[in-house]
file upload-v9.txt (compact mmCIF, C-alpha atoms and all ligand atoms)
# COMPACT_ATOMS: atom_id res chain seq x y z
CA MET A 1 -44.02 -41.25 21.23
CA ASN A 2 -47.35 -40.50 19.57
CA LEU A 3 -47.67 -37.34 17.47
CA LYS A 4 -51.25 -36.89 18.78
CA ASP A 5 -49.98 -36.48 22.37
CA TYR A 6 -48.94 -32.91 21.61
CA SER A 7 -50.15 -29.88 19.73
CA LEU A 8 -47.61 -29.01 17.05
CA GLN A 9 -49.15 -25.52 17.14
CA ALA A 10 -47.64 -24.81 20.55
CA LEU A 11 -44.32 -24.21 18.84
CA MET A 12 -43.90 -21.00 16.87
CA GLU A 13 -43.80 -21.78 13.19
CA ILE A 14 -40.48 -20.40 12.05
CA THR A 15 -39.97 -22.88 9.21
CA ALA A 16 -41.89 -25.61 7.37
CA ARG A 17 -41.26 -28.69 9.51
CA PRO A 18 -42.10 -32.20 8.30
CA GLU A 19 -44.49 -34.03 10.65
CA LEU A 20 -41.74 -36.15 12.11
CA VAL A 21 -40.33 -36.26 15.60
CA PHE A 22 -36.80 -37.53 15.93
CA VAL A 23 -36.36 -39.53 19.08
CA LYS A 24 -32.80 -40.82 18.92
CA GLY A 25 -29.59 -40.66 16.98
CA ALA A 26 -26.34 -42.59 16.74
CA GLY A 27 -23.47 -41.64 14.42
CA SER A 28 -24.83 -41.03 10.92
CA TRP A 29 -28.29 -42.36 11.76
CA LEU A 30 -31.47 -40.83 13.20
CA THR A 31 -34.68 -42.60 14.26
CA ASP A 32 -38.14 -40.99 14.20
CA HIS A 33 -41.21 -41.54 16.40
CA GLN A 34 -42.42 -44.40 14.19
CA GLY A 35 -39.12 -46.24 14.24
CA LYS A 36 -38.13 -45.25 10.69
CA ARG A 37 -34.37 -44.70 10.33
CA TYR A 38 -32.66 -41.94 8.37
CA LEU A 39 -29.13 -41.65 7.01
CA ASP A 40 -28.22 -38.10 8.01
CA PHE A 41 -26.11 -35.95 5.68
CA VAL A 42 -27.32 -32.73 7.32
CA GLN A 43 -26.22 -33.40 10.91
CA GLY A 44 -28.02 -30.43 12.40
CA TRP A 45 -26.56 -28.19 9.66
CA ALA A 46 -22.89 -29.19 10.04
CA VAL A 47 -23.23 -29.17 13.82
CA ASN A 48 -22.70 -32.80 14.83
CA ALA A 49 -19.10 -33.04 13.70
CA LEU A 50 -18.74 -36.45 15.36
CA GLY A 51 -22.24 -37.67 14.45
CA HIS A 52 -25.23 -38.09 16.76
CA SER A 53 -24.58 -38.70 20.47
CA PRO A 54 -20.94 -39.78 20.12
CA PRO A 55 -19.65 -41.62 23.22
CA CYS A 56 -17.03 -38.94 23.97
CA ILE A 57 -19.74 -36.24 24.30
CA VAL A 58 -22.07 -38.47 26.31
CA GLU A 59 -19.19 -39.27 28.68
CA ALA A 60 -18.07 -35.63 28.97
CA LEU A 61 -21.61 -34.51 29.88
CA ALA A 62 -22.07 -37.38 32.34
CA ALA A 63 -18.71 -36.67 34.01
CA GLN A 64 -19.11 -32.88 34.22
CA ALA A 65 -22.81 -32.53 35.11
CA PRO A 66 -22.57 -33.91 38.66
CA LEU A 67 -19.39 -31.85 39.32
CA LEU A 68 -20.30 -28.30 38.27
CA ILE A 69 -22.73 -26.87 35.71
CA THR A 70 -22.47 -23.06 36.04
CA PRO A 71 -20.50 -21.16 38.68
CA SER A 72 -20.83 -17.75 36.90
CA PRO A 73 -18.98 -16.33 33.95
CA ALA A 74 -17.20 -14.04 36.42
CA PHE A 75 -15.35 -17.03 37.96
CA TYR A 76 -12.78 -19.32 36.33
CA ASN A 77 -13.66 -22.97 35.76
CA GLU A 78 -11.39 -25.80 34.69
CA PRO A 79 -13.07 -27.01 31.45
CA ALA A 80 -13.12 -23.43 30.06
CA LEU A 81 -9.44 -22.94 30.96
CA LYS A 82 -8.56 -26.27 29.38
CA LEU A 83 -10.51 -25.57 26.18
CA ALA A 84 -9.03 -22.07 25.84
CA ASP A 85 -5.56 -23.55 26.34
CA LEU A 86 -6.15 -26.22 23.66
CA LEU A 87 -7.65 -23.75 21.17
CA THR A 88 -4.85 -21.20 21.51
CA ARG A 89 -2.13 -23.88 21.35
CA HIS A 90 -3.55 -25.33 18.15
CA SER A 91 -4.37 -22.07 16.36
CA CYS A 92 -2.63 -18.78 15.58
CA PHE A 93 -4.69 -16.93 18.22
CA ASP A 94 -3.80 -15.80 21.74
CA GLN A 95 -7.10 -15.39 23.55
CA VAL A 96 -10.61 -16.87 23.47
CA PHE A 97 -14.06 -15.64 24.51
CA PHE A 98 -16.68 -18.37 24.79
CA CYS A 99 -20.34 -17.96 23.88
CA ASN A 100 -23.35 -20.09 23.05
CA THR A 101 -24.15 -19.60 19.37
CA GLY A 102 -22.43 -18.64 16.16
CA ALA A 103 -24.44 -15.44 15.89
CA GLU A 104 -23.41 -14.47 19.40
CA ALA A 105 -19.76 -15.16 18.56
CA ASN A 106 -20.04 -12.93 15.48
CA GLU A 107 -21.76 -10.18 17.50
CA GLY A 108 -18.72 -10.31 19.79
CA VAL A 109 -16.43 -10.21 16.76
CA ILE A 110 -18.17 -7.07 15.49
CA LYS A 111 -17.95 -5.41 18.91
CA LEU A 112 -14.27 -6.31 19.25
CA ALA A 113 -13.47 -4.93 15.78
CA ARG A 114 -15.38 -1.70 16.46
CA LYS A 115 -13.62 -1.28 19.81
CA TRP A 116 -10.26 -1.82 18.13
CA GLY A 117 -11.21 0.75 15.49
CA LYS A 118 -12.12 3.24 18.20
CA LYS A 119 -8.79 2.72 19.95
CA HIS A 120 -6.43 2.34 17.02
CA ARG A 121 -8.10 3.61 13.83
CA ARG A 122 -9.70 6.92 14.84
CA GLY A 123 -13.19 5.47 15.17
CA ALA A 124 -13.27 3.37 11.99
CA PHE A 125 -16.16 0.91 12.33
CA GLU A 126 -17.17 -0.43 8.93
CA ILE A 127 -16.66 -4.12 8.27
CA ILE A 128 -16.69 -5.17 4.63
CA THR A 129 -18.73 -8.36 4.23
CA PHE A 130 -19.85 -10.34 1.18
CA ASP A 131 -22.86 -11.01 -0.99
CA HIS A 132 -24.45 -14.39 -0.15
CA SER A 133 -22.64 -14.55 3.18
CA PHE A 134 -24.35 -15.77 6.34
CA HIS A 135 -23.27 -14.63 9.80
CA GLY A 136 -26.33 -15.27 11.96
CA ARG A 137 -29.83 -14.10 12.85
CA THR A 138 -29.33 -11.28 15.34
CA LEU A 139 -29.92 -7.78 13.97
CA ALA A 140 -26.21 -6.98 13.56
CA THR A 141 -25.29 -10.37 12.10
CA MET A 142 -28.28 -10.24 9.72
CA SER A 143 -27.02 -6.83 8.61
CA ALA A 144 -23.54 -8.28 8.12
CA SER A 145 -25.01 -11.16 6.09
CA GLY A 146 -25.42 -10.87 2.34
CA LYS A 147 -28.56 -12.96 2.00
CA PRO A 148 -30.91 -11.54 -0.64
CA GLY A 149 -33.87 -9.79 1.03
CA TRP A 150 -32.32 -9.61 4.47
CA ASP A 151 -31.53 -5.91 4.11
CA THR A 152 -35.22 -4.97 4.33
CA MET A 153 -36.65 -7.81 6.44
CA PHE A 154 -36.29 -6.11 9.84
CA ALA A 155 -35.40 -2.62 8.71
CA PRO A 156 -33.69 -0.48 9.76
CA GLN A 157 -30.48 -2.49 9.56
CA VAL A 158 -27.46 -2.05 11.77
CA PRO A 159 -25.24 0.19 9.61
CA GLY A 160 -21.60 -0.42 8.73
CA PHE A 161 -21.51 -3.55 6.57
CA PRO A 162 -20.80 -2.65 2.92
CA LYS A 163 -20.95 -5.72 0.66
CA ALA A 164 -18.26 -6.91 -1.72
CA GLU A 165 -18.20 -9.91 -4.09
CA MET A 166 -16.53 -13.18 -3.15
CA ASN A 167 -13.32 -13.82 -5.13
CA ASP A 168 -13.28 -10.27 -6.49
CA LEU A 169 -10.46 -8.38 -4.80
CA ALA A 170 -11.21 -5.17 -6.70
CA SER A 171 -14.76 -5.13 -5.26
CA VAL A 172 -13.21 -5.18 -1.78
CA SER A 173 -10.59 -2.48 -2.53
CA ALA A 174 -13.30 -0.24 -3.91
CA LEU A 175 -15.11 -0.22 -0.55
CA ILE A 176 -12.10 0.64 1.65
CA THR A 177 -12.32 4.12 3.18
CA ASP A 178 -11.00 5.73 6.37
CA LYS A 179 -14.13 4.32 8.07
CA THR A 180 -13.15 0.70 7.28
CA VAL A 181 -11.93 -1.37 10.22
CA GLY A 182 -12.04 -4.89 8.85
CA ILE A 183 -13.01 -7.48 6.26
CA MET A 184 -15.11 -10.46 7.38
CA LEU A 185 -15.81 -13.62 5.41
CA GLU A 186 -16.54 -17.30 5.58
CA PRO A 187 -13.60 -19.06 3.87
CA VAL A 188 -16.26 -21.25 2.27
CA GLN A 189 -19.74 -19.72 2.27
CA GLY A 190 -21.96 -22.44 3.73
CA GLU A 191 -25.57 -21.22 3.69
CA GLY A 192 -24.83 -19.36 0.45
CA GLY A 193 -24.43 -22.73 -1.29
CA VAL A 194 -20.78 -23.75 -0.68
CA ASN A 195 -18.97 -20.93 -2.47
CA CYS A 196 -15.26 -21.39 -1.89
CA ALA A 197 -12.79 -18.53 -1.58
CA THR A 198 -9.80 -19.18 -3.84
CA HIS A 199 -6.31 -19.35 -2.31
CA GLU A 200 -5.38 -16.32 -4.36
CA PHE A 201 -8.35 -14.32 -3.02
CA MET A 202 -7.57 -15.20 0.61
CA ARG A 203 -3.92 -14.22 0.18
CA GLY A 204 -5.05 -11.03 -1.55
CA LEU A 205 -7.37 -10.16 1.35
CA ARG A 206 -4.54 -10.69 3.85
CA GLU A 207 -2.29 -8.37 1.82
CA LEU A 208 -5.04 -5.78 1.47
CA ALA A 209 -5.70 -5.89 5.21
CA ASP A 210 -2.00 -5.45 5.99
CA GLN A 211 -1.65 -2.63 3.50
CA HIS A 212 -4.58 -0.67 4.96
CA GLN A 213 -4.18 -1.79 8.61
CA LEU A 214 -7.50 -3.62 8.60
CA LEU A 215 -8.55 -6.65 10.59
CA LEU A 216 -9.06 -9.84 8.60
CA ILE A 217 -11.91 -11.76 10.22
CA CYS A 218 -12.86 -15.35 9.40
CA ASP A 219 -16.33 -16.56 10.33
CA GLU A 220 -15.46 -20.21 10.82
CA VAL A 221 -18.72 -21.21 12.48
CA GLN A 222 -19.21 -23.72 9.66
CA THR A 223 -15.68 -24.16 8.23
CA GLY A 224 -13.84 -24.53 11.53
CA MET A 225 -13.35 -27.64 13.68
CA GLY A 226 -12.15 -30.05 11.04
CA ARG A 227 -14.89 -29.49 8.46
CA LEU A 228 -12.45 -28.58 5.66
CA GLY A 229 -9.93 -31.29 6.59
CA THR A 230 -7.75 -28.84 8.51
CA LEU A 231 -8.56 -28.00 12.14
CA PHE A 232 -9.52 -24.47 11.03
CA GLY A 233 -10.44 -23.31 7.55
CA TYR A 234 -7.82 -20.55 7.44
CA GLN A 235 -5.12 -23.25 7.68
CA HIS A 236 -6.34 -24.71 4.40
CA TYR A 237 -5.61 -21.31 2.84
CA GLY A 238 -2.21 -20.81 4.48
CA ILE A 239 -3.06 -17.36 5.84
CA GLU A 240 -3.67 -16.10 9.38
CA PRO A 241 -6.71 -13.96 10.19
CA ASP A 242 -6.70 -11.53 13.13
CA ILE A 243 -10.02 -12.73 14.50
CA MET A 244 -11.99 -15.96 14.05
CA SER A 245 -15.39 -17.11 15.23
CA LEU A 246 -16.28 -20.73 15.89
CA GLY A 247 -19.63 -22.41 16.52
CA LYS A 248 -21.49 -25.47 15.27
CA GLY A 249 -18.84 -28.26 15.27
CA ILE A 250 -17.02 -27.03 18.40
CA GLY A 251 -19.93 -28.22 20.55
CA GLY A 252 -20.60 -31.32 18.47
CA GLY A 253 -24.34 -30.69 19.00
CA VAL A 254 -24.48 -28.68 22.25
CA PRO A 255 -24.65 -24.85 22.35
CA LEU A 256 -21.02 -23.75 22.37
CA ALA A 257 -19.26 -21.11 20.30
CA ALA A 258 -16.16 -18.99 20.60
CA LEU A 259 -14.37 -15.96 19.29
CA LEU A 260 -10.60 -16.01 19.09
CA ALA A 261 -8.24 -13.13 18.45
CA LYS A 262 -4.57 -12.28 18.21
CA ARG A 263 -3.10 -10.43 21.17
CA HIS A 264 -3.02 -7.00 19.48
CA VAL A 265 -6.79 -7.15 18.84
CA CYS A 266 -7.80 -8.23 22.35
CA VAL A 267 -8.96 -4.77 23.45
CA PHE A 268 -12.12 -5.54 25.44
CA GLU A 269 -12.17 -3.74 28.77
CA HIS A 270 -14.17 -4.72 31.84
CA GLY A 271 -17.87 -4.36 31.11
CA ASP A 272 -17.55 -4.47 27.30
CA GLN A 273 -18.56 -8.08 26.83
CA GLY A 274 -20.15 -10.89 28.80
CA GLY A 275 -23.12 -13.27 29.00
CA THR A 276 -24.74 -15.48 31.60
CA TYR A 277 -23.75 -18.85 30.15
CA ASN A 278 -20.45 -17.87 28.56
CA GLY A 279 -17.79 -20.49 29.13
CA ASN A 280 -19.94 -22.60 31.41
CA PRO A 281 -18.10 -25.79 32.38
CA LEU A 282 -20.77 -28.21 31.13
CA MET A 283 -20.53 -27.02 27.51
CA ALA A 284 -16.79 -26.33 27.72
CA ALA A 285 -16.22 -29.92 28.85
CA VAL A 286 -17.95 -31.05 25.64
CA GLY A 287 -15.74 -28.70 23.61
CA VAL A 288 -12.66 -30.28 25.17
CA ALA A 289 -13.93 -33.77 24.32
CA VAL A 290 -14.68 -32.78 20.71
CA LEU A 291 -11.35 -31.05 20.19
CA GLU A 292 -9.36 -33.90 21.77
CA GLU A 293 -11.09 -36.30 19.39
CA MET A 294 -10.15 -34.13 16.41
CA LEU A 295 -6.54 -33.84 17.57
CA LYS A 296 -6.08 -37.62 17.56
CA PRO A 297 -3.63 -38.68 14.85
CA GLY A 298 -5.51 -39.72 11.74
CA PHE A 299 -8.70 -37.74 12.39
CA LEU A 300 -8.05 -34.84 10.01
CA PRO A 301 -6.44 -37.02 7.30
CA HIS A 302 -9.62 -39.13 7.47
CA VAL A 303 -11.75 -36.01 6.82
CA CYS A 304 -9.59 -35.22 3.76
CA GLU A 305 -9.85 -38.80 2.55
CA MET A 306 -13.65 -38.90 2.98
CA GLY A 307 -13.94 -35.46 1.39
CA ASN A 308 -12.05 -36.68 -1.68
CA TYR A 309 -14.10 -39.85 -1.80
CA LEU A 310 -17.40 -37.97 -1.52
CA SER A 311 -16.24 -35.53 -4.17
CA GLY A 312 -15.31 -38.38 -6.53
CA GLN A 313 -18.61 -40.19 -6.01
CA LEU A 314 -20.66 -37.00 -6.51
CA THR A 315 -18.70 -36.17 -9.66
CA ALA A 316 -19.32 -39.65 -11.06
CA LEU A 317 -23.03 -39.38 -10.23
CA ALA A 318 -23.18 -35.95 -11.88
CA MET A 319 -21.70 -37.44 -15.07
CA GLU A 320 -24.08 -40.40 -14.97
CA LEU A 321 -27.21 -38.30 -14.39
CA LYS A 322 -26.06 -35.20 -16.30
CA LEU A 323 -26.12 -32.97 -13.23
CA GLY A 324 -23.92 -29.92 -12.79
CA GLU A 325 -20.74 -28.93 -10.98
CA GLU A 326 -19.53 -30.59 -7.79
CA ARG A 327 -17.51 -28.37 -5.44
CA GLY A 328 -16.35 -27.89 -1.88
CA VAL A 329 -13.48 -28.41 0.52
CA GLY A 330 -13.17 -31.40 2.86
CA LEU A 331 -16.60 -32.52 4.04
CA LEU A 332 -18.46 -29.34 3.12
CA ARG A 333 -19.57 -30.05 -0.43
CA ALA A 334 -22.25 -29.09 -2.92
CA LEU A 335 -23.74 -30.41 -6.13
CA GLU A 336 -25.39 -28.24 -8.77
CA LEU A 337 -28.61 -29.84 -10.04
CA ASN A 338 -29.08 -27.68 -13.17
CA ALA A 339 -32.79 -27.38 -12.29
CA ASP A 340 -34.80 -26.15 -9.31
CA ILE A 341 -35.41 -29.65 -7.97
CA GLY A 342 -33.48 -29.33 -4.68
CA ALA A 343 -36.54 -29.12 -2.40
CA ARG A 344 -38.22 -32.07 -4.16
CA ILE A 345 -35.11 -34.22 -3.83
CA VAL A 346 -34.91 -33.35 -0.14
CA SER A 347 -38.52 -34.32 0.56
CA TYR A 348 -38.47 -37.39 -1.69
CA SER A 349 -35.30 -38.78 -0.05
CA ARG A 350 -36.74 -38.19 3.40
CA ASP A 351 -40.33 -39.39 2.90
CA GLU A 352 -40.58 -41.56 -0.22
CA LEU A 353 -37.23 -43.21 -0.80
CA SER A 354 -38.33 -46.07 1.47
CA SER A 355 -40.52 -47.36 -1.38
CA GLN A 356 -37.35 -48.20 -3.35
CA ALA A 357 -35.42 -51.47 -3.27
CA GLY A 358 -32.87 -51.55 -0.45
CA TRP A 359 -34.48 -48.62 1.41
CA ALA A 360 -37.41 -50.28 3.23
CA GLY A 361 -37.96 -48.42 6.50
CA ILE A 362 -35.11 -46.03 5.72
CA GLY A 363 -34.94 -42.41 4.61
CA LEU A 364 -32.14 -40.04 3.67
CA LEU A 365 -31.69 -36.51 5.02
CA LEU A 366 -30.25 -34.00 2.57
CA ASN A 367 -30.14 -30.19 2.45
CA SER A 368 -30.84 -27.78 -0.40
CA PRO A 369 -29.55 -24.30 0.52
CA ARG A 370 -30.56 -22.93 -2.90
CA PRO A 371 -33.26 -24.21 -5.30
CA ALA A 372 -30.77 -25.90 -7.64
CA VAL A 373 -28.07 -26.88 -5.15
CA LEU A 374 -27.63 -29.72 -2.66
CA ARG A 375 -25.20 -29.31 0.24
CA PHE A 376 -23.50 -32.23 2.01
CA MET A 377 -22.22 -31.83 5.58
CA PRO A 378 -22.03 -35.32 7.08
CA ALA A 379 -20.38 -36.40 10.32
CA LEU A 380 -16.61 -36.03 9.92
CA ASN A 381 -16.00 -39.55 11.20
CA LEU A 382 -18.24 -41.34 8.70
CA GLY A 383 -16.94 -44.04 6.37
CA THR A 384 -17.20 -44.94 2.69
CA ALA A 385 -20.16 -47.26 3.42
CA GLU A 386 -22.34 -44.28 4.46
CA ILE A 387 -21.19 -42.26 1.45
CA ASP A 388 -21.96 -45.13 -0.95
CA ARG A 389 -25.38 -45.54 0.64
CA MET A 390 -26.12 -41.82 0.33
CA ILE A 391 -25.05 -41.82 -3.34
CA ASP A 392 -27.38 -44.75 -4.02
CA GLY A 393 -30.29 -42.92 -2.33
CA LEU A 394 -29.49 -39.69 -4.13
CA ARG A 395 -29.41 -41.45 -7.51
CA LEU A 396 -32.84 -43.00 -6.88
CA SER A 397 -34.25 -39.69 -5.66
CA VAL A 398 -33.00 -37.66 -8.63
CA GLN A 399 -34.39 -40.28 -11.04
CA ALA A 400 -37.74 -40.31 -9.20
CA VAL A 401 -38.27 -36.55 -9.12
CA ARG A 402 -37.28 -36.22 -12.77
CA THR A 403 -39.99 -38.60 -13.98
C1 LIG B 1 -24.66 -21.27 11.29
C2 LIG B 1 -23.78 -20.12 11.05
C3 LIG B 1 -23.83 -18.96 11.86
C4 LIG B 1 -24.86 -18.79 12.95
O1 LIG B 1 -24.68 -19.70 13.99
P1 LIG B 1 -25.89 -19.91 15.05
O2 LIG B 1 -25.32 -20.86 16.06
O3 LIG B 1 -27.05 -20.46 14.29
O4 LIG B 1 -26.18 -18.58 15.63
C5 LIG B 1 -22.92 -17.96 11.61
N1 LIG B 1 -22.02 -18.05 10.62
C6 LIG B 1 -21.95 -19.13 9.83
C7 LIG B 1 -20.89 -19.20 8.78
C8 LIG B 1 -22.82 -20.20 10.00
O5 LIG B 1 -22.77 -21.26 9.19
call {"tool": "encode", "arguments": {"input": "upload-v9.txt", "output": "C-alpha cells"}}
result
Amino acid sequence: MNLKDYSLQALMEITARPELVFVKGAGSWLTDHQGKRYLDFVQGWAVNALGHSPPCIVEALAAQAPLLITPSPAFYNEPALKLADLLTRHSCFDQVFFCNTGAEANEGVIKLARKWGKKHRRGAFEIITFDHSFHGRTLATMSASGKPGWDTMFAPQVPGFPKAEMNDLASVSALITDKTVGIMLEPVQGEGGVNCATHEFMRGLRELADQHQLLLICDEVQTGMGRLGTLFGYQHYGIEPDIMSLGKGIGGGVPLAALLAKRHVCVFEHGDQGGTYNGNPLMAAVGVAVLEEMLKPGFLPHVCEMGNYLSGQLTALAMELKLGEERGVGLLRALELNADIGARIVSYSRDELSSQAGWAGIGLLLNSPRPAVLRFMPALNLGTAEIDRMIDGLRLSVQAVRT
C-alpha cells in the first residue's frame, strides 16, 4: 500500500495519528505499509486480548460468516445463546444483554439502574461515579466519566452522576441521598492511568451498597475477560457486583460488548432496550471463541505469571533508570516516569527506536494515558521473550529522550 494512494484528509481528524498505515498483525506484532514491524504493547487499547488475528478468531469468523450473519435481534441465534450460557455459568450473573461497544454497554447499565430505581427505589436515579473514571464517549457515559474537562465539553451534561474519590469510602458515603440508585466504578481505572481500587475499598463499597440498598456496578470493559488474571476483575476483589459491563477483550478485536446483571436487577420490559446489531451471531461466535480460549486450564494462571514478570521487570527498570512507581493488577500495568516525557517516549519508541542496536526495522508501540505515566496492556497470551524485548526498547527510549 502506498500512502499517496489516498487522501488522509478524507477521515475526520479526531486524534493526532502518525502517518503510518498498519496492514497486518499477528500475535504481539504489527506490520505497517512499509514493512516495518512493531512490538505492540497497546493492542488496540487492551482490546486484542489474544493478540492480533489469533487463529481461534479467524476460524470462528470463517465458520460463522457463511452460516448466518444477522437474523435480527428479535430472533434467537445459537452463538448468542451459547455465549450468554458461558458468561452466566462462569460469573455471578443471571442474564446478559449483548451490544457492540463499551459505551453502549454502559448506556444500557445506566438505563437498567434507572429503571430499577423507578421500580424499587421510588424513582432514585443518581449513580455515584469517580474522579478520573472513564465510561465511554456517548453523552451519558461522558457525563458519568470523571475525566477533567469533560463536564463542559458538550454541555449540558446528562445529570445524575455525582463524583466521589477512588479509595475514599467517606467521599462515597457523603454523596448518598434518597436519589442515589447505585455506585459505578472500574475496579482498576484504565484510561485514568491504572488506578487500582484496594480490596478494602471494594469490600467497603459492597457493604455500603447493601446498607443503603444501592446497586454496585462494575465497568469491566477494560478489567474483564482475563486482563487482571481472573476471568472478571470483581473476582480478584472477592466481591460480587449487581451489574457488570464488558467490552474490549470479549470480542478480541471485533465490536462486541455485554451487560450482565443479577436476576433481581433484570427489570427491562419490552421496548426498553434494543439495537440493530445486538447479539448478532457473527460477533457472538467470536465471543464464544475468545471465552473458550480463556477457560482453557492454564490460561488465567499464565496471565498472573506474565503480570508478575512484567511487574518485576518494570520495577527493576525503574530502579535502574530512577523512574517512579510501578503498579497494576495482572496485565494492566503502569509506570510513573516522574517527568512529563510519556508522549516523547511513545513517539520515540514507535518512530526512532529502529536506529538502535537490535531494533533495525522494528518499532515498539506504547501508550501514555497521562503525561508522566506509561500504561502496558499487552496480549494476555504473550511470553517472557516479548516482555524482555519491550523492556529493552523502553530502556533505550527513556535514555534517548532524556538526553
Ligand atoms: C474503553 C472503555 C470504555 C468504552 O468502550 P468503547 O468500546 O470505546 O465504547 C468504557 N469503559 C472503560 C472502563 C473502558 O476502558
call {"tool": "closest_residue", "arguments": {"input": "upload-v9.txt", "among": "A:Gly102, A:Gly35, A:Pro66, A:Gly361", "to": "ligand LIG 1 (chain B)", "atoms": "all atoms listed in the file"}}
result
A:Gly102
call {"tool": "closest_atom_pairs", "arguments": {"input": "upload-v9.txt", "of": "range 65-111 of chain A", "to": "range 129-146 of chain A", "cutoff": "12 Å", "atoms": "all atoms listed in the file", "output": "CSV"}}
result
residue,atom,partner,partner_atom,distance
A:Thr101,CA,A:Gly136,CA,8.9
A:Gly102,CA,A:Gly136,CA,6.6
A:Ala103,CA,A:Gly136,CA,4.4
A:Glu104,CA,A:Thr138,CA,7.9
A:Ala105,CA,A:Gly136,CA,9.3
A:Asn106,CA,A:Thr141,CA,6.7
A:Glu107,CA,A:Thr141,CA,6.5
A:Gly108,CA,A:Thr141,CA,10.1
A:Val109,CA,A:Thr141,CA,10.0
A:Ile110,CA,A:Ala140,CA,8.3
A:Lys111,CA,A:Ala140,CA,10.0
call {"tool": "write_last_selection", "arguments": {"input": "upload-v9.txt", "atoms": "C-alpha atoms", "output": "compact mmCIF listing (two decimals), in the frame of the given file"}}
result
# COMPACT_ATOMS: atom_id res chain seq x y z
CA THR A 101 -24.15 -19.60 19.37
CA GLY A 102 -22.43 -18.64 16.16
CA ALA A 103 -24.44 -15.44 15.89
CA GLU A 104 -23.41 -14.47 19.40
CA ALA A 105 -19.76 -15.16 18.56
CA ASN A 106 -20.04 -12.93 15.48
CA GLU A 107 -21.76 -10.18 17.50
CA GLY A 108 -18.72 -10.31 19.79
CA VAL A 109 -16.43 -10.21 16.76
CA ILE A 110 -18.17 -7.07 15.49
CA LYS A 111 -17.95 -5.41 18.91
call {"tool": "axis_aligned_box", "arguments": {"input": "upload-v9.txt", "around": "range 233-237 of chain A", "padding_each_side": "3 Å", "output": "JSON"}}
result
{"center_x": -7.8, "center_y": -22.6, "center_z": 5.3, "size_x": 11.3, "size_y": 10.2, "size_z": 10.8}
call {"tool": "atom_distance", "arguments": {"input": "upload-v9.txt", "atom1": "CA of Ile217 in chain A", "atom2": "CA of Ala113 in chain A"}}
result
8.9 Å
call {"tool": "closest_residue", "arguments": {"input": "upload-v9.txt", "among": "A:Ala343, A:Met306, A:Leu365, A:Leu332", "to": "Gln189 in chain A", "atoms": "all atoms listed in the file"}}
result
A:Leu332
call {"tool": "residues_around", "arguments": {"input": "upload-v9.txt", "residues": "range 276-289 of chain A", "least_positions_apart": "3", "cutoff": "8 Å", "atoms": "all atoms listed in the file", "output": "MDAnalysis selection string"}}
result
chainID A and resid 56:57 60:61 64:65 68:73 77:80 82:83 86 97:100 250:252 254:256 292:293
call {"tool": "residues_around", "arguments": {"input": "upload-v9.txt", "residues": "Leu394 in chain A", "least_positions_apart": "5", "cutoff": "10 Å", "atoms": "all atoms listed in the file", "output": "ChimeraX atom specification"}}
result
/A:314,317,345-346,348-349,353,364-366,388-389,399-400
call {"tool": "closest_residue", "arguments": {"input": "upload-v9.txt", "among": "A:Val47, A:Ile128, A:Leu259, A:Ile243", "to": "ligand LIG 1 (chain B)", "atoms": "all atoms listed in the file"}}
result
A:Val47
call {"tool": "closest_residue", "arguments": {"input": "upload-v9.txt", "among": "A:Tyr234, A:Val290, A:Arg206, A:Gly358", "to": "Pro55 in chain A", "atoms": "all atoms listed in the file"}}
result
A:Val290
call {"tool": "atom_distance", "arguments": {"input": "upload-v9.txt", "atom1": "CA of His33 in chain A", "atom2": "CA of Glu19 in chain A"}}
result
10.0 Å
call {"tool": "closest_residue", "arguments": {"input": "upload-v9.txt", "among": "A:Gly123, A:Gly249, A:Gly229, A:Gly27", "to": "ligand LIG 1 (chain B)", "atoms": "only C-alpha atoms and all ligand atoms"}}
result
A:Gly249
call {"tool": "atom_distance", "arguments": {"input": "upload-v9.txt", "atom1": "CA of Lys262 in chain A", "atom2": "atom N1 of ligand LIG 1 (chain B)"}}
result
19.9 Å
call {"tool": "residues_around", "arguments": {"input": "upload-v9.txt", "residues": "Thr230 in chain A", "least_positions_apart": "5", "cutoff": "7 Å", "atoms": "all atoms listed in the file", "output": "mmCIF file with C-alpha atoms, in the coordinates of the input"}}
result
data_model
loop_
_atom_site.group_PDB
_atom_site.id
_atom_site.type_symbol
_atom_site.label_atom_id
_atom_site.label_comp_id
_atom_site.auth_asym_id
_atom_site.auth_seq_id
_atom_site.Cartn_x
_atom_site.Cartn_y
_atom_site.Cartn_z
ATOM 1 C CA GLN A 235 -5.120 -23.250 7.680
ATOM 2 C CA HIS A 236 -6.340 -24.710 4.400
ATOM 3 C CA LEU A 300 -8.050 -34.840 10.010
#
call {"tool": "residues_around", "arguments": {"input": "upload-v9.txt", "residues": "Ala379 in chain A", "least_positions_apart": "2", "cutoff": "12 Å", "atoms": "all atoms listed in the file", "output": "PyMOL selection string"}}
result
chain A and resi 26-29+39-54+225-227+249+252-253+299+302-303+306-307+330-332+376-377+381-384+386-387
call {"tool": "residues_near_point", "arguments": {"input": "upload-v9.txt", "point": "(-37.1, -48.9, 3.6)", "cutoff": "10 Å", "atoms": "all atoms listed in the file", "output": "PyMOL selection string"}}
result
chain A and resi 36-38+352-363
call {"tool": "write_last_selection", "arguments": {"input": "upload-v9.txt", "atoms": "C-alpha atoms", "output": "short mmCIF file (atom, residue, chain, number, x, y, z; two decimals), in the frame of the given file"}}
result
data_model
loop_
_atom_site.label_atom_id
_atom_site.label_comp_id
_atom_site.auth_asym_id
_atom_site.auth_seq_id
_atom_site.Cartn_x
_atom_site.Cartn_y
_atom_site.Cartn_z
CA LYS A 36 -38.13 -45.25 10.69
CA ARG A 37 -34.37 -44.70 10.33
CA TYR A 38 -32.66 -41.94 8.37
CA GLU A 352 -40.58 -41.56 -0.22
CA LEU A 353 -37.23 -43.21 -0.80
CA SER A 354 -38.33 -46.07 1.47
CA SER A 355 -40.52 -47.36 -1.38
CA GLN A 356 -37.35 -48.20 -3.35
CA ALA A 357 -35.42 -51.47 -3.27
CA GLY A 358 -32.87 -51.55 -0.45
CA TRP A 359 -34.48 -48.62 1.41
CA ALA A 360 -37.41 -50.28 3.23
CA GLY A 361 -37.96 -48.42 6.50
CA ILE A 362 -35.11 -46.03 5.72
CA GLY A 363 -34.94 -42.41 4.61
#
call {"tool": "closest_residue", "arguments": {"input": "upload-v9.txt", "among": "A:Pro162, A:Pro241, A:Gly149, A:Gly233", "to": "ligand LIG 1 (chain B)", "atoms": "all atoms listed in the file"}}
result
A:Gly233
